[in-house]
Protein chains: 2
Amino acid sequence: MVQYMSDLLDVSFAALSDPTRRGVLEQLGRAEASITDLAQAFHMTLTGMGKHVGVLEQAELVTTEKVGRVRTCRLGPRRLQEETAWIEDYRRLWESRFDELDKVVEELKRKEKVDGRKKRE
Amino acid sequence: MVQYMSDLLDVSFAALSDPTRRGVLEQLGRAEASITDLAQAFHMTLTGMGKHVGVLEQAELVTTEKVGRVRTCRLGPRRLQEETAWIEDYRRLWESRFDELDKVVEELKRKEKVDGRKKRE
C-alpha cells in the first residue's frame with residue numbers, strides 16, 4: 001500500500017470515531033454554526049462542544065473564527081481524500097485476499113472429490 | 001445523511017486511528033499471521049500486540065483462532081462498507097457546501113463590479 005501521511009490519518013480517524021463529531025460535520029455541511037448553536041443542537045455544554053470542535057479543528061476538518069464573543073464554525077479544507085484512499089486500498093487488499101482463500105477452498109473441494117472417487121474405486 | 005450503525009462506526013474509526021493497527025490490517029491482507037509474527041514485525045511485546053488485535057477484533061476487522069498455544073489472526077468479514085459510505089456522503093456534502101460558497105463569492109464579485117461601475121458613472 002502507498003505510504004500515507006500517517007499522523008493525519010491518526011487524528012482524522014480518531015476525530016471521526018465519535019457520533020457527536022460526525023454529527024457536527026454533517027450539520028456544518030448544511031450551514032455554518034456557532035459553538036452555542038452546536039451545543040444546543042447536540043444537548044451539550046459549551047465546554048463539551050468546544051472540546052469536540054477542538055478535535056475537529058486539529059484534524060483540519062473544521063475551521064473556526066471568533067468575532068466578538070461568537071465563535072463561528074465552518075467545514076475545513078479537508079475532503080478526507082487520504083482517508084478514502086486508505087480505505088479503498090484496504091478494500092482492494094481484502095477482496096484479493098478473499099479471492100485467494102476462495103481458490104484454496106475450491107482446490108480443497110476438488111481434491112476431496114478426487115480422493116472420495118479414489119476411495120470408492 | 002443516512003442513519004448509519006453509529007456504534008459500529010465509532011469502534012471501526014477508533015480502530016483505524018492507530019498506525020500499528022492499520023499496518024496489521026495491511027499485513028493480514030497479504031497473509032494470515034500469529035500474534036507472535038505480528039509482534040516481531042512491529043517490534044512490539046506480545047501483550048502490546050494482543051491489545052491492538054483485540055481492538056481490531058472488537059471492530060470485526062480481524063478474527064483470531066487459537067490452536068494449541070498459537071493464536072492465528074486473519075482479516076475479518078468487514079470490508080468497511082459503512083465507513084466508505086459515510087465518508088462518501090460527507091464528501092458530497094462538503095462539495096455542495098463549497099459550491100454554495102463559490103456562488104456567494106461570485107455574487108459578491110458581480111455586485112462589486114456593478115457598484116464600481118456605478119461609482120465611475
# chains A, B, ... in the order shown; residues from 1 in each chain; ligands from 1
call {"tool": "interface_residues", "arguments": {"of": "chain A", "to": "chain B", "cutoff": "6 Å", "atoms": "only C-alpha atoms", "output": "list in words"}}
result
Asp10, Phe13, Ala14, Ser17, Asp18, Gly29, Arg79, Arg91, Leu93, Trp94 and Arg97 of chain A
call {"tool": "select_by_dssp", "arguments": {"residues": "chain B", "states": "strand (DSSP E)", "output": "list in words"}}
result
Ala33, Ser34, Val62, Thr63, Thr64, Glu65, Lys66, Val67, Val70, Arg71, Thr72, Cys73, Arg74 and Leu75 of chain B
call {"tool": "residues_around", "arguments": {"residues": "Gly48 (chain B)", "least_positions_apart": "2", "cutoff": "12 Å", "atoms": "only C-alpha atoms", "output": "list in words"}}
result
Thr20, Arg21, Ile35, Thr36, Leu38, Ala39, Gln40, Phe42, His43, Met44, Thr45, Leu46, Gly50, Lys51, His52, Val53, Gly54 and Val55 of chain B
call {"tool": "write_last_selection", "arguments": {"atoms": "C-alpha atoms", "output": "mmCIF file, in the first residue's frame"}}
result
data_model
loop_
_atom_site.group_PDB
_atom_site.id
_atom_site.type_symbol
_atom_site.label_atom_id
_atom_site.label_comp_id
_atom_site.auth_asym_id
_atom_site.auth_seq_id
_atom_site.Cartn_x
_atom_site.Cartn_y
_atom_site.Cartn_z
ATOM 1 C CA THR B 20 0.161 -0.122 14.073
ATOM 2 C CA ARG B 21 -3.413 -1.310 13.710
ATOM 3 C CA ILE B 35 0.287 -12.707 17.289
ATOM 4 C CA THR B 36 3.993 -13.602 17.700
ATOM 5 C CA LEU B 38 2.893 -9.572 14.233
ATOM 6 C CA ALA B 39 4.634 -8.587 17.485
ATOM 7 C CA GLN B 40 8.001 -9.271 15.833
ATOM 8 C CA PHE B 42 6.044 -4.333 14.543
ATOM 9 C CA HIS B 43 8.805 -4.544 17.213
ATOM 10 C CA MET B 44 6.286 -4.852 19.993
ATOM 11 C CA THR B 45 5.645 -7.032 23.063
ATOM 12 C CA LEU B 46 3.125 -9.877 22.768
ATOM 13 C CA GLY B 50 -2.513 -8.629 21.776
ATOM 14 C CA LYS B 51 -4.235 -5.388 22.791
ATOM 15 C CA HIS B 52 -4.109 -3.951 19.256
ATOM 16 C CA VAL B 53 -5.501 -7.192 17.823
ATOM 17 C CA GLY B 54 -8.230 -7.093 20.489
ATOM 18 C CA VAL B 55 -9.315 -3.637 19.285
#
call {"tool": "select_by_dssp", "arguments": {"residues": "chain A", "states": "helix (DSSP H, G or I)", "output": "number ranges by chain"}}
result
A: 6-16, 19-30, 35-41, 46-58, 81-120
call {"tool": "atom_distance", "arguments": {"atom1": "CA of Val24 (chain B)", "atom2": "CA of Leu61 (chain A)"}}
result
26.4 Å
call {"tool": "atom_distance", "arguments": {"atom1": "CA of Met5 (chain A)", "atom2": "CA of Gln58 (chain A)"}}
result
14.7 Å
call {"tool": "atom_distance", "arguments": {"atom1": "CA of Glu57 (chain B)", "atom2": "CA of Leu101 (chain A)"}}
result
19.6 Å
